[in-house]
>>> print(open('data.tsv').read())   # TSV, C-alpha atoms
chain	number	residue	atom	x	y	z
A	1	MET	CA	0.00	0.00	0.00
A	2	LYS	CA	1.26	3.45	-0.89
A	3	PHE	CA	1.41	6.04	1.90
A	4	SER	CA	3.28	9.22	2.64
A	5	ILE	CA	4.66	10.76	5.82
A	6	ARG	CA	4.42	14.54	6.16
A	7	PRO	CA	4.45	17.20	8.89
A	8	ALA	CA	0.99	17.76	10.36
A	9	ARG	CA	-0.85	20.96	9.52
A	10	ALA	CA	-3.32	22.81	11.73
A	11	GLN	CA	-6.20	21.43	9.67
A	12	ASP	CA	-5.12	17.86	10.58
A	13	CYS	CA	-5.99	18.45	14.24
A	14	ARG	CA	-9.47	16.91	13.97
A	15	ASP	CA	-7.90	13.74	12.56
A	16	ILE	CA	-5.24	13.80	15.28
A	17	GLU	CA	-7.87	14.24	17.98
A	18	ARG	CA	-9.80	11.27	16.53
A	19	MET	CA	-6.71	9.05	16.59
A	20	ILE	CA	-5.65	10.20	20.10
A	21	THR	CA	-9.02	8.96	21.30
A	22	GLU	CA	-8.65	5.66	19.42
A	23	LEU	CA	-5.22	5.17	21.01
A	24	SER	CA	-6.57	5.84	24.51
A	25	VAL	CA	-9.11	3.05	23.99
A	26	TYR	CA	-6.32	0.69	22.92
A	27	GLU	CA	-4.36	1.71	26.03
A	28	LYS	CA	-7.44	0.82	28.10
A	29	MET	CA	-7.77	4.36	29.43
A	30	PRO	CA	-10.66	5.91	27.50
A	31	GLY	CA	-12.14	8.97	29.13
A	32	GLN	CA	-8.67	10.29	29.95
A	33	VAL	CA	-8.53	12.52	26.87
A	34	LYS	CA	-9.27	16.04	28.05
A	35	ILE	CA	-8.08	18.01	25.05
A	36	SER	CA	-9.71	18.69	21.71
A	37	TYR	CA	-8.53	19.75	18.29
A	38	LYS	CA	-8.74	23.37	19.41
A	39	GLU	CA	-6.02	22.97	22.04
A	40	LEU	CA	-4.01	20.87	19.60
A	41	GLU	CA	-4.17	23.71	17.07
A	42	ARG	CA	-3.24	26.35	19.65
A	43	ASP	CA	-0.38	24.38	21.23
A	44	GLY	CA	1.17	22.84	18.13
A	45	PHE	CA	0.87	25.54	15.51
A	46	GLY	CA	1.73	28.82	17.21
A	47	PRO	CA	5.10	30.63	17.23
A	48	ASN	CA	6.55	28.42	20.01
A	49	PRO	CA	4.95	25.02	19.49
A	50	PHE	CA	4.73	22.71	22.49
A	51	TYR	CA	4.90	19.63	20.27
A	52	GLN	CA	5.70	18.43	16.75
A	53	CYS	CA	3.62	15.97	14.75
A	54	LEU	CA	3.96	13.90	11.59
A	55	VAL	CA	1.02	12.14	9.95
A	56	ALA	CA	0.73	9.18	7.60
A	57	GLU	CA	-1.61	9.68	4.68
A	58	VAL	CA	-2.93	7.17	2.15
A	59	PRO	CA	-4.15	8.00	-1.37
A	60	GLN	CA	-7.85	8.15	-2.20
A	61	GLU	CA	-8.07	4.53	-3.36
A	62	HIS	CA	-6.96	3.28	0.07
A	63	ILE	CA	-8.95	5.48	2.46
A	64	SER	CA	-10.57	3.85	5.49
A	65	THR	CA	-14.15	2.55	5.43
A	66	GLU	CA	-15.13	5.73	7.34
A	67	GLY	CA	-13.44	7.89	4.70
A	68	HIS	CA	-10.24	8.86	6.54
A	69	SER	CA	-7.07	9.39	4.53
A	70	VAL	CA	-4.92	10.33	7.56
A	71	VAL	CA	-4.40	6.91	9.14
A	72	GLY	CA	-1.51	7.33	11.57
A	73	TYR	CA	0.49	9.92	13.48
A	74	VAL	CA	3.53	10.37	15.63
A	75	LEU	CA	3.63	13.19	18.16
A	76	TYR	CA	6.95	14.19	19.74
A	77	PHE	CA	8.74	17.10	21.39
A	78	TYR	CA	12.25	18.21	22.30
A	79	THR	CA	13.59	17.45	25.76
A	80	TYR	CA	16.95	17.95	27.42
A	81	SER	CA	19.37	15.66	29.19
A	82	THR	CA	21.89	17.33	31.49
A	83	TRP	CA	24.25	14.49	30.60
A	84	ARG	CA	23.80	14.40	26.84
A	85	GLY	CA	22.05	17.60	25.76
A	86	ARG	CA	19.22	17.74	23.22
A	87	CYS	CA	16.87	14.75	23.02
A	88	VAL	CA	13.50	13.86	21.56
A	89	TYR	CA	10.60	12.27	23.42
A	90	MET	CA	8.02	10.37	21.40
A	91	GLU	CA	4.70	10.84	23.15
A	92	ASP	CA	2.41	8.88	20.80
A	93	LEU	CA	2.88	6.57	17.84
A	94	TYR	CA	-0.34	5.28	16.35
A	95	VAL	CA	-1.56	3.55	13.20
A	96	MET	CA	-5.24	2.70	12.66
A	97	PRO	CA	-5.88	-1.06	13.03
A	98	ASP	CA	-6.78	-1.65	9.36
A	99	PHE	CA	-3.52	-0.07	8.26
A	100	ARG	CA	-1.10	-2.00	10.47
A	101	GLY	CA	1.49	-4.43	9.18
A	102	LYS	CA	2.27	-2.23	6.18
A	103	GLY	CA	5.35	-0.47	7.51
A	104	ILE	CA	3.53	2.77	8.39
A	105	GLY	CA	4.43	2.73	12.10
A	106	LYS	CA	8.04	1.96	11.29
A	107	ALA	CA	8.14	4.79	8.73
A	108	LEU	CA	6.65	7.29	11.22
A	109	MET	CA	9.12	6.30	13.89
A	110	ALA	CA	12.11	6.26	11.55
A	111	SER	CA	11.11	9.77	10.44
A	112	VAL	CA	11.37	10.95	14.05
A	113	ALA	CA	14.76	9.25	14.35
A	114	LYS	CA	15.82	11.20	11.27
A	115	VAL	CA	14.73	14.44	12.99
A	116	CYS	CA	16.96	13.46	15.93
A	117	SER	CA	19.88	13.05	13.61
A	118	GLU	CA	19.21	16.36	11.82
A	119	GLN	CA	18.76	18.27	15.09
A	120	GLN	CA	21.72	16.69	16.88
A	121	CYS	CA	19.57	14.96	19.45
A	122	ALA	CA	21.47	12.19	21.22
A	123	ARG	CA	18.47	10.15	22.33
A	124	LEU	CA	14.97	9.19	21.29
A	125	GLN	CA	12.93	8.25	24.34
A	126	LEU	CA	9.44	7.00	25.03
A	127	SER	CA	7.29	5.23	27.62
A	128	VAL	CA	5.44	1.96	27.08
A	129	LEU	CA	2.93	0.14	29.28
A	130	ASP	CA	4.41	-3.13	30.55
A	131	TRP	CA	1.50	-5.25	29.26
A	132	ASN	CA	1.81	-3.82	25.74
A	133	LYS	CA	3.89	-6.71	24.43
A	134	PRO	CA	3.47	-5.98	20.69
A	135	SER	CA	4.82	-2.45	21.11
A	136	LEU	CA	7.63	-3.53	23.43
A	137	ASP	CA	8.68	-6.27	21.00
A	138	PHE	CA	8.64	-3.77	18.14
A	139	TYR	CA	10.81	-1.25	20.01
A	140	PHE	CA	13.22	-3.90	21.32
A	141	SER	CA	13.62	-5.34	17.83
A	142	LYS	CA	14.81	-1.89	16.78
A	143	GLY	CA	17.37	-1.72	19.59
A	144	ALA	CA	15.54	0.15	22.36
A	145	GLN	CA	16.76	-0.28	25.96
A	146	ASP	CA	14.30	-0.55	28.86
A	147	LEU	CA	15.79	1.83	31.44
A	148	THR	CA	13.16	0.96	34.03
A	149	ASP	CA	14.43	-2.63	33.98
A	150	THR	CA	18.14	-1.98	33.57
A	151	GLU	CA	18.67	1.13	35.71
A	152	GLY	CA	15.54	1.32	37.85
A	153	TRP	CA	14.01	4.57	36.62
A	154	HIS	CA	10.45	5.15	37.83
A	155	PHE	CA	8.10	7.69	36.34
A	156	LEU	CA	6.49	10.09	38.85
A	157	ARG	CA	3.69	12.61	38.42
A	158	PHE	CA	2.17	15.51	40.32
A	159	ASP	CA	-1.18	16.77	39.13
A	160	GLY	CA	-4.46	18.19	40.43
A	161	GLU	CA	-4.47	19.15	44.08
A	162	ALA	CA	-0.92	17.89	44.78
A	163	LEU	CA	0.42	20.21	42.09
A	164	GLU	CA	-1.65	23.16	43.29
A	165	ASN	CA	-0.49	22.66	46.86
A	166	LEU	CA	3.12	22.46	45.79
A	167	ALA	CA	2.82	25.73	43.87
A	168	LEU	CA	1.51	27.41	47.01
A	169	GLU	CA	4.80	26.60	48.76
A	170	ALA	CA	6.83	28.66	46.28
A	171	PRO	CA	8.79	31.47	47.97
B	1	MET	CA	19.73	30.33	56.27
B	2	LYS	CA	18.69	32.98	53.79
B	3	PHE	CA	18.60	32.03	50.11
B	4	SER	CA	16.90	33.19	46.95
B	5	ILE	CA	15.50	31.40	43.91
B	6	ARG	CA	15.94	33.11	40.55
B	7	PRO	CA	15.99	32.22	36.83
B	8	ALA	CA	19.43	31.07	35.70
B	9	ARG	CA	21.48	33.39	33.50
B	10	ALA	CA	23.98	32.35	30.83
B	11	GLN	CA	26.85	33.18	33.20
B	12	ASP	CA	25.52	30.59	35.69
B	13	CYS	CA	26.31	27.75	33.29
B	14	ARG	CA	29.71	26.94	34.83
B	15	ASP	CA	28.01	26.56	38.21
B	16	ILE	CA	25.26	24.45	36.63
B	17	GLU	CA	27.84	22.24	34.89
B	18	ARG	CA	29.62	21.77	38.24
B	19	MET	CA	26.40	20.73	39.99
B	20	ILE	CA	25.30	18.45	37.12
B	21	THR	CA	28.58	16.57	37.64
B	22	GLU	CA	28.07	16.43	41.42
B	23	LEU	CA	24.56	15.03	40.87
B	24	SER	CA	25.85	12.35	38.48
B	25	VAL	CA	28.25	11.17	41.19
B	26	TYR	CA	25.35	10.97	43.67
B	27	GLU	CA	23.37	9.00	41.08
B	28	LYS	CA	26.34	6.60	40.83
B	29	MET	CA	26.83	7.34	37.15
B	30	PRO	CA	29.86	9.63	36.95
B	31	GLY	CA	31.47	9.80	33.53
B	32	GLN	CA	28.05	10.01	31.88
B	33	VAL	CA	28.12	13.80	31.65
B	34	LYS	CA	29.03	14.63	28.05
B	35	ILE	CA	28.03	18.27	27.94
B	36	SER	CA	29.80	21.36	29.21
B	37	TYR	CA	28.79	24.89	30.10
B	38	LYS	CA	29.19	25.84	26.44
B	39	GLU	CA	26.37	23.55	25.29
B	40	LEU	CA	24.32	24.62	28.31
B	41	GLU	CA	24.74	28.26	27.25
B	42	ARG	CA	23.85	27.53	23.63
B	43	ASP	CA	20.84	25.32	24.36
B	44	GLY	CA	19.32	27.21	27.26
B	45	PHE	CA	19.83	30.85	26.38
B	46	GLY	CA	19.12	31.19	22.66
B	47	PRO	CA	15.88	32.34	21.01
B	48	ASN	CA	14.21	28.90	21.35
B	49	PRO	CA	15.62	27.44	24.57
B	50	PHE	CA	15.62	23.64	24.93
B	51	TYR	CA	15.33	23.91	28.70
B	52	GLN	CA	14.55	26.28	31.56
B	53	CYS	CA	16.55	26.56	34.78
B	54	LEU	CA	16.20	28.16	38.20
B	55	VAL	CA	19.09	28.45	40.67
B	56	ALA	CA	19.28	28.84	44.43
B	57	GLU	CA	21.73	31.43	45.65
B	58	VAL	CA	22.99	32.17	49.16
B	59	PRO	CA	24.36	35.51	50.37
B	60	GLN	CA	28.09	36.08	50.79
B	61	GLU	CA	28.13	35.12	54.48
B	62	HIS	CA	26.84	31.62	53.66
B	63	ILE	CA	28.90	30.67	50.59
B	64	SER	CA	30.31	27.13	50.43
B	65	THR	CA	33.81	26.30	51.68
B	66	GLU	CA	34.92	26.30	48.02
B	67	GLY	CA	33.46	29.77	47.53
B	68	HIS	CA	30.26	28.93	45.64
B	69	SER	CA	27.19	31.08	46.14
B	70	VAL	CA	25.00	29.14	43.67
B	71	VAL	CA	24.22	26.03	45.69
B	72	GLY	CA	21.30	24.37	43.94
B	73	TYR	CA	19.38	24.23	40.67
B	74	VAL	CA	16.30	22.82	39.05
B	75	LEU	CA	16.28	22.18	35.32
B	76	TYR	CA	12.98	21.57	33.52
B	77	PHE	CA	11.31	21.83	30.12
B	78	TYR	CA	7.85	21.85	28.60
B	79	THR	CA	6.36	18.59	27.35
B	80	TYR	CA	2.98	17.65	25.95
B	81	SER	CA	0.37	15.09	26.86
B	82	THR	CA	-2.12	14.16	24.15
B	83	TRP	CA	-4.62	13.55	26.95
B	84	ARG	CA	-4.04	16.66	29.03
B	85	GLY	CA	-2.07	19.19	26.96
B	86	ARG	CA	0.85	21.24	28.28
B	87	CYS	CA	3.01	19.68	30.98
B	88	VAL	CA	6.38	20.25	32.62
B	89	TYR	CA	9.11	17.66	33.07
B	90	MET	CA	11.62	18.21	35.85
B	91	GLU	CA	14.91	16.78	34.61
B	92	ASP	CA	17.16	17.63	37.59
B	93	LEU	CA	16.66	18.92	41.11
B	94	TYR	CA	19.86	19.31	43.10
B	95	VAL	CA	21.07	20.99	46.27
B	96	MET	CA	24.70	20.77	47.40
B	97	PRO	CA	25.12	18.42	50.42
B	98	ASP	CA	26.11	21.16	52.90
B	99	PHE	CA	22.97	23.10	52.05
B	100	ARG	CA	20.38	20.35	52.41
B	101	GLY	CA	17.68	20.31	55.07
B	102	LYS	CA	17.13	24.06	54.80
B	103	GLY	CA	14.13	24.03	52.48
B	104	ILE	CA	16.09	24.91	49.34
B	105	GLY	CA	15.08	21.81	47.37
B	106	LYS	CA	11.46	22.29	48.33
B	107	ALA	CA	11.59	25.95	47.30
B	108	LEU	CA	13.15	25.10	43.92
B	109	MET	CA	10.54	22.46	43.25
B	110	ALA	CA	7.63	24.59	44.42
B	111	SER	CA	8.86	27.33	42.09
B	112	VAL	CA	8.56	24.93	39.16
B	113	ALA	CA	5.07	23.95	40.32
B	114	LYS	CA	4.24	27.66	40.27
B	115	VAL	CA	5.46	27.87	36.67
B	116	CYS	CA	3.08	24.98	35.85
B	117	SER	CA	0.23	26.91	37.33
B	118	GLU	CA	1.15	30.13	35.51
B	119	GLN	CA	1.61	28.36	32.16
B	120	GLN	CA	-1.53	26.18	32.47
B	121	CYS	CA	0.45	22.95	32.62
B	122	ALA	CA	-1.66	20.10	33.98
B	123	ARG	CA	1.19	17.91	35.20
B	124	LEU	CA	4.64	18.08	36.67
B	125	GLN	CA	6.53	14.89	35.90
B	126	LEU	CA	9.92	13.44	36.71
B	127	SER	CA	11.89	10.19	36.88
B	128	VAL	CA	13.56	8.80	40.00
B	129	LEU	CA	15.90	5.82	40.45
B	130	ASP	CA	14.21	3.09	42.49
B	131	TRP	CA	17.05	2.88	45.06
B	132	ASN	CA	16.91	6.65	45.72
B	133	LYS	CA	14.70	6.34	48.77
B	134	PRO	CA	15.28	9.86	50.19
B	135	SER	CA	14.12	11.45	46.93
B	136	LEU	CA	11.17	9.08	46.51
B	137	ASP	CA	10.05	9.75	50.09
B	138	PHE	CA	10.32	13.48	49.51
B	139	TYR	CA	8.23	13.36	46.32
B	140	PHE	CA	5.64	10.98	47.78
B	141	SER	CA	5.28	13.21	50.84
B	142	LYS	CA	4.32	15.99	48.44
B	143	GLY	CA	1.69	13.86	46.72
B	144	ALA	CA	3.54	12.39	43.72
B	145	GLN	CA	2.17	9.20	42.13
B	146	ASP	CA	4.53	6.46	40.90
B	147	LEU	CA	3.11	5.63	37.45
B	148	THR	CA	5.59	2.82	36.89
B	149	ASP	CA	4.13	1.03	39.92
B	150	THR	CA	0.47	1.94	39.48
B	151	GLU	CA	0.05	1.82	35.69
B	152	GLY	CA	3.12	-0.08	34.48
B	153	TRP	CA	4.86	2.61	32.43
B	154	HIS	CA	8.41	1.69	31.42
B	155	PHE	CA	10.94	4.16	30.14
B	156	LEU	CA	12.62	3.22	26.82
B	157	ARG	CA	15.55	4.76	25.00
B	158	PHE	CA	17.18	4.60	21.59
B	159	ASP	CA	20.64	6.09	21.27
B	160	GLY	CA	23.95	5.54	19.46
B	161	GLU	CA	23.90	2.95	16.70
B	162	ALA	CA	20.26	1.92	17.28
B	163	LEU	CA	19.13	5.51	16.72
B	164	GLU	CA	21.35	5.93	13.64
B	165	ASN	CA	20.04	2.69	12.12
B	166	LEU	CA	16.46	3.72	12.77
B	167	ALA	CA	17.00	7.06	11.03
B	168	LEU	CA	18.31	5.21	7.97
B	169	GLU	CA	14.91	3.49	7.61
B	170	ALA	CA	13.08	6.80	7.13
B	171	PRO	CA	11.25	6.99	3.80
>>> encode(input="data.tsv", output="structure tokens")
Amino acid sequence: MKFSIRPARAQDCRDIERMITELSVYEKMPGQVKISYKELERDGFGPNPFYQCLVAEVPQEHISTEGHSVVGYVLYFYTYSTWRGRCVYMEDLYVMPDFRGKGIGKALMASVAKVCSEQQCARLQLSVLDWNKPSLDFYFSKGAQDLTDTEGWHFLRFDGEALENLALEAP
Amino acid sequence: MKFSIRPARAQDCRDIERMITELSVYEKMPGQVKISYKELERDGFGPNPFYQCLVAEVPQEHISTEGHSVVGYVLYFYTYSTWRGRCVYMEDLYVMPDFRGKGIGKALMASVAKVCSEQQCARLQLSVLDWNKPSLDFYFSKGAQDLTDTEGWHFLRFDGEALENLALEAP
């Protein structure tokens, strides 16, 4: 199947919102999505974007049964390691179920790796749920290291009331 | 002890480099630091900074035995959740050993939480090594959740040859 990978445009945000929701269902956490295409437009397509996004598009003869031509996306942003400098974090990588097994996910991810190389980013990082064996196998087959297993890194979060209370302690 | 928290300036980068190295020794991974104050200056103080940094400074009468007045730092950057929008990731939080127990770490961290609130960031996130009990206790006491334990998130990384090979697969 022919497909192309291209940078997302503001008008893709409805498609991206749709696929974010589909991914949250796959991750067994539907109802967690609190943002819409409007925030995606504001945060990704202003002068200082908070994220970057590439989409996978198929030609008219291959569109989905619901009529979608944008069938996958990868959303990433720049981070910083105080040991290694510039890095990239891949927040989401998603391909619609009917379009899997055609190399689209690999092409999206490889395109982000190419961005790393072009922008002198030493690392490409991501988080995966431990029960998500297909994704883990895919990433390991490409040479990813699991730093939670090998070094013991745990991922912590403050939000809601805990975050508000912490802010109140600022001098 | 009196201290102040302020945004880092480019001329603080030698102090930041010094403390990054001290922190890597505490984390039992010395030799991992591959960046110097020059990259810190370039990446943090240009038109599109890759990171943000606050430092803790003590007045002349409290400087360290080696003569340092900048005795702690917190380095963070903006990230993006496709469920919740803008977030902040705290990469490093460090206070020199002789200056611990005086509320400096808490003040640095609370100042970042305040940034979250001002910038409408829904989450403050960070990673901690599982053997680093003092830090984990500190974060948990402030209401942090361990998402590796509760949801099973593992932290993956591509770097070096794996990242180069991946980039070569880009269409």
>>> interface_residues(input="data.tsv", of="chain A", to="chain B", cutoff="7 Å", atoms="all atoms listed in the file", output="compact mmCIF listing (two decimals) with C-alpha atoms, in the coordinates of the input")
# COMPACT_ATOMS: atom_id res chain seq x y z
CA ILE A 20 -5.65 10.20 20.10
CA GLN A 32 -8.67 10.29 29.95
CA VAL A 33 -8.53 12.52 26.87
CA LYS A 34 -9.27 16.04 28.05
CA ILE A 35 -8.08 18.01 25.05
CA PHE A 50 4.73 22.71 22.49
CA TYR A 51 4.90 19.63 20.27
CA PHE A 77 8.74 17.10 21.39
CA TYR A 78 12.25 18.21 22.30
CA THR A 79 13.59 17.45 25.76
CA TYR A 80 16.95 17.95 27.42
CA THR A 82 21.89 17.33 31.49
CA TRP A 83 24.25 14.49 30.60
CA ARG A 84 23.80 14.40 26.84
CA GLY A 85 22.05 17.60 25.76
CA ALA A 107 8.14 4.79 8.73
CA ALA A 110 12.11 6.26 11.55
CA SER A 111 11.11 9.77 10.44
CA ALA A 113 14.76 9.25 14.35
CA LYS A 114 15.82 11.20 11.27
CA ALA A 122 21.47 12.19 21.22
CA ARG A 123 18.47 10.15 22.33
CA LEU A 124 14.97 9.19 21.29
CA GLN A 125 12.93 8.25 24.34
CA LEU A 126 9.44 7.00 25.03
CA SER A 127 7.29 5.23 27.62
CA VAL A 128 5.44 1.96 27.08
CA LEU A 129 2.93 0.14 29.28
CA ASP A 130 4.41 -3.13 30.55
CA LYS A 142 14.81 -1.89 16.78
CA GLY A 143 17.37 -1.72 19.59
CA ALA A 144 15.54 0.15 22.36
CA GLN A 145 16.76 -0.28 25.96
CA ASP A 146 14.30 -0.55 28.86
CA LEU A 147 15.79 1.83 31.44
CA THR A 148 13.16 0.96 34.03
CA GLY A 152 15.54 1.32 37.85
CA TRP A 153 14.01 4.57 36.62
CA HIS A 154 10.45 5.15 37.83
CA PHE A 155 8.10 7.69 36.34
CA LEU A 156 6.49 10.09 38.85
CA ARG A 157 3.69 12.61 38.42
CA PHE A 158 2.17 15.51 40.32
CA ASP A 159 -1.18 16.77 39.13
CA ALA A 162 -0.92 17.89 44.78
CA LEU A 163 0.42 20.21 42.09
CA LEU A 166 3.12 22.46 45.79
CA ALA A 167 2.82 25.73 43.87
CA GLU A 169 4.80 26.60 48.76
CA ALA A 170 6.83 28.66 46.28
CA PRO A 171 8.79 31.47 47.97
>>> residues_near_point(input="data.tsv", point="(20.6, 21.0, 43.7)", cutoff="6 Å", atoms="only C-alpha atoms", output="PDB file with C-alpha atoms, keeping the file's coordinate frame")
ATOM      1  CA  GLY B  72      21.300  24.370  43.940  1.00  0.00           C
ATOM      2  CA  TYR B  73      19.380  24.230  40.670  1.00  0.00           C
ATOM      3  CA  LEU B  93      16.660  18.920  41.110  1.00  0.00           C
ATOM      4  CA  TYR B  94      19.860  19.310  43.100  1.00  0.00           C
ATOM      5  CA  VAL B  95      21.070  20.990  46.270  1.00  0.00           C
ATOM      6  CA  MET B  96      24.700  20.770  47.400  1.00  0.00           C
TER       7      MET B  96
END
>>> atom_distance(input="data.tsv", atom1="CA of Cys53 in chain B", atom2="CA of Cys53 in chain A")
26.1 Å
>>> residues_around(input="data.tsv", residues="Ser69 in chain B", least_positions_apart="4", cutoff="6 Å", atoms="all atoms listed in the file", output="list in words")
Glu57, Val58 and Ile63 of chain B
>>> atom_distance(input="data.tsv", atom1="CA of Met1 in chain A", atom2="CA of Gly101 in chain A")
10.3 Å
